[in-house]
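Some notes on the structure that comes next.
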Amino acid sequence: MASHRHRVVSGVELATIASELTATVRVRALDPDLAVGRRAAFCRRGDLDGSDGDDASAPTTSVSASAMRLPSSIVDGGGGELLVAPLALFLPFLRRDARGGAPGLGLVDDAEVHVMREATVDDGGSGGVWVPARVVASAVPPDARDAVNALASADGLGALKRGWTAGGAVPWNGDGGGGGGFDVGAVVAGFVVLRAATGPPSPSPSPGISRAFARESPLPRAGDAILSCGSPFGVLAPSHFANAVTTGSVSRTWRRRTPVGRHVADTSAPPPILMLDLRALPGTEGGVVLDAGGGVLGMLTPPLVARGGGGGGEDDAVPLALTIDCVKRAMLTMASSSSSSSSSTNEEDDAPPIAVASTSASPRTPLDDAASTSVVLLSTGNGNDDASNPSWASGIVLTAGDGARGHPALILTNAHVVHPSARAAGGDGRGPRVRSQRVLVPGAGGGWRDATPAFVSAGALDVAVLAATTTEGDETRLRAATFADDDDACRRGEPCAVIGHARVGPRAAAAGGSSVSASASASAAASASPGVVSAVVRRGVGGEPVMLTTSAAVHSGASGGAVVRAADGVVIGLVTSNARRGGKDGDGDDVFPRLNFSIPSRALRRLRLAAEASGGQDDWEVHEAAFEGCLDAYDDDEVRAVWNLRDPGGGGERVARSRL
């Protein structure tokens, strides 16, 4: 059977499927001291009689999130509708004796759970109807929990911030809602199974739901388009916020490390966690995530958020999804072992079994090749060895080298990666260069290779070239990137993707989330963020392009990565920086990942030709001579003004400068 990756469903049809699969769930309980309300990202106060209101003195607090509906074919005759919702929503409402960290769930006696159903004509209203529901099971999938904990560790994302915790409708404060035992992995990856009461308006069986769950899905990969549906702030105004859809993409997959090898993760099984390039507002956790063919990829979890992050914006949150394969495996475990410590059920309400759909392979795409073999991870300073200085960036392969003959691989990156105070990066050129650079060669037999700068631009463009030592076989593990030659390569509106090692650094292989083996998919080697070319800044009217901006996301670590055409993976730009506003030395800055700046491929063409001319040499001095003067044509006041974010025509004040 052909993979559905080749079948794309229209956006309207995807939205319809997603809304059928998604519901809004709320939990309400007495909260006289506002213990829950103060923590919640949003809530609604109410009276003891259950009526909602805005009175801050009212003793009841309601908080909502989203839930994923399960197909009617799996209902075991117990009546009602089954849904899966995030565990995090229920943690603030646990009894004290249930707060020991066990996956079992025991809510306070006065807690009420409701699920919203679509209003019918007979109801005479809008915004849906709340119907009672109850928790029949809960689970914390161990592989997903371990993967999230690895991701939030110092070796994963934690290297960038002072630690990560769970966000969403009820941000987690680290105590599991008042008791110990829960960790960030459990809060993010845990889920509960709900059974909604019968009665009007009962949901009519939807063939779309069954088809979405039954569809065979290939392993998700970086750059795959997705659509999600959830109810941000749903308890405040359901008619406004229920089942809102948004689009995005898979950024990378994440799994815990296996002891197969130092830089190898098990990619034969579906990953439990997906990192997403997606808008994830509080309350959308629990919503469904669909692929472009309408198949269910998983459900949104609470995002990881940085403790004491910068401006609290997009750069301080990492949207995640729990894959449907992981949910199915956990529910099978519940069904087969109701007495297991991994589930807590009412005896009459065991979670029903769900057939686990097998995954299938699909053809490699140009983005796969670019991400897995042409965009490499760079470690700068002592980033791979010193946990206090985990510095890294990305690089584009110009030539693969020849280890047998001692020929180095030539890697294109930014000047500020190897020389933070370089004039090309906006500095004065007087600061020290990075003490050491290394390149991580992917694949079996790969590993870290020492590198030396062969060229660091002193002109207007933030460009450098590293010459990395190679060993025999590296030429098969690396592939020179293909650069666009046509002058129309950079067109406004052109679909593109930013490929780089964003957010996840050189220690991530030890944490288990980022495999760089030859068998790994692109999503495990580098992240891909799709978007379009937003603007092309040219030298003069109708002149050659000297800067690109894109709507794709650029996060820390993507410096030196590639902007590629989505259709064929051809490089059209070199990622240089994203926009940043406020704060001194990056402290408290607002970061704009989707406003970023890249050097167009036309300016890089000279570097590529020089690399090809000198790539068969083993003398570093030959490389330096080959690159000398390559970018002199771009070292003028007009290009400098563009990259200093000033109007080249003169006039206008200099605005806040961006630097990754």
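Ordering of the structure tokens sets the chain letters (A, B, ...), residue numbers begin anew at 1 in every chain, and ligands are numbered from 1 in the order given.
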Note to self: For the structure I just gave you, how does DSSP split region 359-549 of chain A - specifically, which residues are strand (DSSP E or B)? Reply as a PyMOL selection string.
What the structure shows: chain A and resi 360+375-380+392-399+402+407+409-413+437-441+447-456+464-468+483+495-500+527-538+545-549
Selected residues, C-alpha atoms, written as an mmCIF file, in the first residue's frame, please.
```cif
data_model
loop_
_atom_site.group_PDB
_atom_site.id
_atom_site.type_symbol
_atom_site.label_atom_id
_atom_site.label_comp_id
_atom_site.auth_asym_id
_atom_site.auth_seq_id
_atom_site.Cartn_x
_atom_site.Cartn_y
_atom_site.Cartn_z
ATOM 1 C CA SER A 360 6.035 2.058 7.075
ATOM 2 C CA VAL A 375 24.282 20.234 7.468
ATOM 3 C CA VAL A 376 26.597 19.268 10.318
ATOM 4 C CA LEU A 377 26.929 20.050 13.995
ATOM 5 C CA LEU A 378 29.864 22.206 15.132
ATOM 6 C CA SER A 379 31.257 22.319 18.662
ATOM 7 C CA THR A 380 33.116 25.500 19.536
ATOM 8 C CA TRP A 392 27.661 24.932 19.286
ATOM 9 C CA ALA A 393 26.495 25.979 15.856
ATOM 10 C CA SER A 394 25.756 24.518 12.442
ATOM 11 C CA GLY A 395 27.724 24.265 9.228
ATOM 12 C CA ILE A 396 27.120 23.494 5.547
ATOM 13 C CA VAL A 397 29.370 20.989 3.792
ATOM 14 C CA LEU A 398 31.225 22.572 0.858
ATOM 15 C CA THR A 399 33.475 19.577 0.138
ATOM 16 C CA ASP A 402 39.159 12.470 1.453
ATOM 17 C CA HIS A 407 42.253 15.984 2.386
ATOM 18 C CA ALA A 409 36.355 18.578 4.535
ATOM 19 C CA LEU A 410 35.497 22.251 4.065
ATOM 20 C CA ILE A 411 32.561 23.505 6.127
ATOM 21 C CA LEU A 412 30.786 26.832 5.608
ATOM 22 C CA THR A 413 29.568 28.615 8.746
ATOM 23 C CA GLN A 437 36.392 23.913 16.738
ATOM 24 C CA ARG A 438 35.152 20.450 15.957
ATOM 25 C CA VAL A 439 32.821 18.990 13.362
ATOM 26 C CA LEU A 440 30.585 16.005 14.074
ATOM 27 C CA VAL A 441 30.628 13.583 11.134
ATOM 28 C CA GLY A 447 32.455 11.179 15.257
ATOM 29 C CA TRP A 448 34.150 14.416 16.156
ATOM 30 C CA ARG A 449 36.834 15.796 13.847
ATOM 31 C CA ASP A 450 39.165 18.671 14.708
ATOM 32 C CA ALA A 451 38.778 21.749 12.539
ATOM 33 C CA THR A 452 40.777 24.891 11.820
ATOM 34 C CA PRO A 453 39.518 28.148 10.263
ATOM 35 C CA ALA A 454 40.592 28.351 6.627
ATOM 36 C CA PHE A 455 38.812 31.665 6.083
ATOM 37 C CA VAL A 456 37.167 34.260 8.327
ATOM 38 C CA ALA A 464 33.788 31.645 7.724
ATOM 39 C CA VAL A 465 35.065 28.342 6.342
ATOM 40 C CA LEU A 466 36.455 25.529 8.517
ATOM 41 C CA ALA A 467 38.847 22.860 7.285
ATOM 42 C CA ALA A 468 38.044 19.670 9.213
ATOM 43 C CA PHE A 483 23.808 25.644 -3.968
ATOM 44 C CA PRO A 495 8.644 27.969 0.132
ATOM 45 C CA CYS A 496 11.802 27.251 2.087
ATOM 46 C CA ALA A 497 13.109 25.472 5.146
ATOM 47 C CA VAL A 498 15.786 26.376 7.668
ATOM 48 C CA ILE A 499 17.902 23.333 8.499
ATOM 49 C CA GLY A 500 20.301 23.407 11.418
ATOM 50 C CA SER A 527 15.859 20.170 12.736
ATOM 51 C CA ALA A 528 13.898 21.618 9.846
ATOM 52 C CA SER A 529 11.637 24.626 10.129
ATOM 53 C CA PRO A 530 9.520 25.373 7.030
ATOM 54 C CA GLY A 531 8.355 28.762 5.948
ATOM 55 C CA VAL A 532 8.697 31.139 3.021
ATOM 56 C CA VAL A 533 11.174 33.761 1.919
ATOM 57 C CA SER A 534 9.623 36.852 3.463
ATOM 58 C CA ALA A 535 11.760 39.527 1.839
ATOM 59 C CA VAL A 536 14.818 39.946 -0.367
ATOM 60 C CA VAL A 537 17.018 42.980 0.314
ATOM 61 C CA ARG A 538 18.998 43.956 -2.780
ATOM 62 C CA PRO A 545 20.359 40.115 -3.334
ATOM 63 C CA VAL A 546 22.508 40.702 -0.246
ATOM 64 C CA MET A 547 20.096 39.608 2.526
ATOM 65 C CA LEU A 548 17.132 37.273 2.930
ATOM 66 C CA THR A 549 14.524 37.179 5.654
#
```
Check: What is the CA of Ser577 (chain A)-CA of Ala558 (chain A) distance in Å, reported with one decimal?
Finding: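 CA of Ala558 (chain A) lies at a distance of 8.3 Å from CA of Ser577 (chain A).
The residue that comes closest to Pro141 (chain A), out of A:Ala415, A:Leu87, A:Ala67, A:Val9 and on the basis of only C-alpha atoms, is A:Leu87.
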Next item on the list: Would you work out the distance separating CA of Ala306 (chain A) from CA of Gly37 (chain A), expressed in Å to one decimal?
Entry: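 Interatomic distance here is 21.1 Å.
What separates CA of Thr471 (chain A) from CA of Arg507 (chain A) is a distance of 22.0 Å.
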Item checked: Selection: 12 Å around region 634-650 of chain A, only C-alpha atoms, excl. self and same-chain fewer than 3 positions, as a PyMOL selection string -> chain A and resi 423-427+457-463+536-541+543-549+576-577+579+596-600+602-604+606+629-631+653-659
Residues from last step as file, N, CA and C atoms, as a compact mmCIF listing (two decimals), in the first residue's frame:
```txt
# COMPACT_ATOMS: atom_id res chain seq x y z
N ARG A 423 34.66 41.45 12.74
CA ARG A 423 34.01 42.63 12.17
C ARG A 423 32.79 42.24 11.34
N ALA A 424 32.88 41.10 10.67
CA ALA A 424 31.73 40.65 9.87
C ALA A 424 30.52 40.37 10.72
N ALA A 425 30.75 40.11 12.02
CA ALA A 425 29.63 39.84 12.93
C ALA A 425 29.24 41.08 13.71
N GLY A 426 29.81 42.21 13.34
CA GLY A 426 29.46 43.46 13.99
C GLY A 426 30.37 43.86 15.13
N GLY A 427 31.45 43.10 15.35
CA GLY A 427 32.39 43.42 16.42
C GLY A 427 33.53 44.29 15.92
N SER A 457 35.83 35.95 7.25
CA SER A 457 35.60 37.21 6.56
C SER A 457 35.85 38.39 7.48
N ALA A 458 36.55 39.38 6.94
CA ALA A 458 36.74 40.64 7.65
C ALA A 458 35.86 41.73 7.05
N GLY A 459 35.03 41.34 6.09
CA GLY A 459 34.18 42.30 5.41
C GLY A 459 32.79 42.36 6.00
N ALA A 460 31.83 42.65 5.14
CA ALA A 460 30.48 42.90 5.62
C ALA A 460 29.69 41.64 5.89
N LEU A 461 30.06 40.52 5.28
CA LEU A 461 29.27 39.29 5.40
C LEU A 461 29.84 38.40 6.49
N ASP A 462 28.95 37.88 7.32
CA ASP A 462 29.32 37.07 8.49
C ASP A 462 29.57 35.63 8.04
N VAL A 463 30.74 35.38 7.48
CA VAL A 463 31.04 34.11 6.84
C VAL A 463 32.41 33.60 7.27
N VAL A 536 13.48 39.98 0.23
CA VAL A 536 14.82 39.95 -0.37
C VAL A 536 15.33 41.38 -0.41
N VAL A 537 16.42 41.65 0.31
CA VAL A 537 17.02 42.98 0.31
C VAL A 537 18.14 42.98 -0.72
N ARG A 538 18.06 43.92 -1.66
CA ARG A 538 19.00 43.96 -2.78
C ARG A 538 19.93 45.16 -2.69
N ARG A 539 21.02 45.04 -3.41
CA ARG A 539 21.96 46.15 -3.52
C ARG A 539 21.41 47.12 -4.58
N GLY A 540 20.85 48.21 -4.13
CA GLY A 540 20.27 49.17 -5.05
C GLY A 540 18.99 48.64 -5.66
N VAL A 541 18.40 49.42 -6.55
CA VAL A 541 17.15 49.04 -7.20
C VAL A 541 17.44 47.98 -8.25
N GLY A 543 19.19 45.36 -7.98
CA GLY A 543 20.52 44.78 -7.87
C GLY A 543 20.48 43.37 -7.33
N GLU A 544 21.67 42.82 -7.12
CA GLU A 544 21.75 41.45 -6.63
C GLU A 544 21.33 41.38 -5.16
N PRO A 545 20.78 40.24 -4.74
CA PRO A 545 20.36 40.12 -3.33
C PRO A 545 21.55 40.04 -2.40
N VAL A 546 21.44 40.73 -1.25
CA VAL A 546 22.51 40.70 -0.25
C VAL A 546 21.98 40.26 1.12
N MET A 547 20.68 40.08 1.27
CA MET A 547 20.10 39.61 2.53
C MET A 547 18.74 38.98 2.25
N LEU A 548 18.45 37.89 2.96
CA LEU A 548 17.13 37.27 2.93
C LEU A 548 16.54 37.30 4.32
N THR A 549 15.23 37.47 4.41
CA THR A 549 14.52 37.18 5.65
C THR A 549 13.49 36.10 5.35
N THR A 576 22.26 33.34 9.46
CA THR A 576 23.22 34.19 10.17
C THR A 576 22.72 34.63 11.53
N SER A 577 21.48 35.07 11.64
CA SER A 577 20.99 35.57 12.93
C SER A 577 19.48 35.61 12.92
N ALA A 579 16.20 37.97 14.98
CA ALA A 579 16.00 39.31 15.53
C ALA A 579 15.83 39.24 17.04
N ASN A 596 14.36 36.55 10.75
CA ASN A 596 15.77 36.15 10.75
C ASN A 596 16.44 36.60 9.47
N PHE A 597 17.75 36.52 9.46
CA PHE A 597 18.52 37.09 8.38
C PHE A 597 19.51 36.06 7.84
N SER A 598 19.59 35.97 6.52
CA SER A 598 20.46 34.99 5.88
C SER A 598 21.19 35.63 4.71
N ILE A 599 22.36 35.05 4.41
CA ILE A 599 23.18 35.51 3.28
C ILE A 599 22.76 34.73 2.04
N PRO A 600 22.36 35.40 0.96
CA PRO A 600 21.88 34.69 -0.23
C PRO A 600 22.96 33.83 -0.89
N ARG A 602 23.84 33.57 -3.92
CA ARG A 602 24.67 34.20 -4.94
C ARG A 602 25.97 34.73 -4.34
N ALA A 603 25.90 35.29 -3.14
CA ALA A 603 27.11 35.77 -2.49
C ALA A 603 28.01 34.63 -2.04
N LEU A 604 27.42 33.46 -1.81
CA LEU A 604 28.19 32.30 -1.35
C LEU A 604 28.83 31.54 -2.51
N ARG A 606 30.99 32.29 -4.72
CA ARG A 606 32.45 32.44 -4.82
C ARG A 606 33.15 31.52 -3.82
N GLY A 629 40.18 37.15 -0.64
CA GLY A 629 39.57 38.08 -1.56
C GLY A 629 38.24 37.64 -2.15
N CYS A 630 37.74 36.49 -1.72
CA CYS A 630 36.49 35.96 -2.30
C CYS A 630 35.31 36.91 -2.16
N LEU A 631 35.24 37.59 -1.05
CA LEU A 631 34.06 38.40 -0.76
C LEU A 631 34.36 39.90 -0.81
N GLU A 653 17.39 56.44 11.58
CA GLU A 653 18.28 56.05 12.65
C GLU A 653 18.54 54.56 12.62
N ARG A 654 19.67 54.20 13.17
CA ARG A 654 20.00 52.78 13.29
C ARG A 654 19.06 52.14 14.31
N VAL A 655 18.50 51.01 13.94
CA VAL A 655 17.57 50.34 14.85
C VAL A 655 18.29 49.24 15.59
N ALA A 656 17.55 48.61 16.53
CA ALA A 656 18.16 47.55 17.33
C ALA A 656 18.70 46.46 16.43
N ARG A 657 19.92 46.04 16.68
CA ARG A 657 20.54 45.04 15.84
C ARG A 657 20.28 43.64 16.39
N SER A 658 20.22 42.68 15.48
CA SER A 658 19.97 41.31 15.88
C SER A 658 21.25 40.51 15.79
N ARG A 659 21.42 39.61 16.75
CA ARG A 659 22.57 38.72 16.71
C ARG A 659 22.19 37.45 17.46
```
Notebook entry, point to check: Got a sec: who's within 10 Å of Arg39 (chain A), counting only C-alpha atoms, leaving out chain neighbours fewer than 6 positions off, as a list in words?
Noted result: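 Once the adjacent positions are removed, what remains is Pro92, Ala169, Val170, Pro171, Trp172, Asn173 and Gly177 of chain A.
Using only C-alpha atoms, the residues found no farther than 8 Å from Leu107 (chain A), other than those of its own chain fewer than 6 positions away, are A:Phe90, A:Phe93, A:Leu94, A:Arg95, A:Ala98.
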Notebook entry, point to check: A:Ala526, A:Arg38, A:Ala400, A:Val318: which is nearest Arg221 (chain A), counting only C-alpha atoms?
Noted result: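 Of all the options, A:Ala526 lies closest to Arg221 (chain A).
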Next item on the list: Find the spatial neighbours of Ala186 (chain A), counting only C-alpha atoms, within a cut-off of 9 Å - ignore same-chain residues fewer than 5 positions away - and output them as a PyMOL selection string.
Entry: chain A and resi 87-88+101+103+140-142+144-146+148-149+191
Checklist line | Test item: residues at most 12 Å from Ser64 (chain A), only C-alpha atoms, excluding those fewer than 3 positions along its chain, as an MDAnalysis selection string | finding: chainID A and resid 23:28 37 40:44 61 67 85:90 112:116 130 168:170 230:238 241:242 282:287
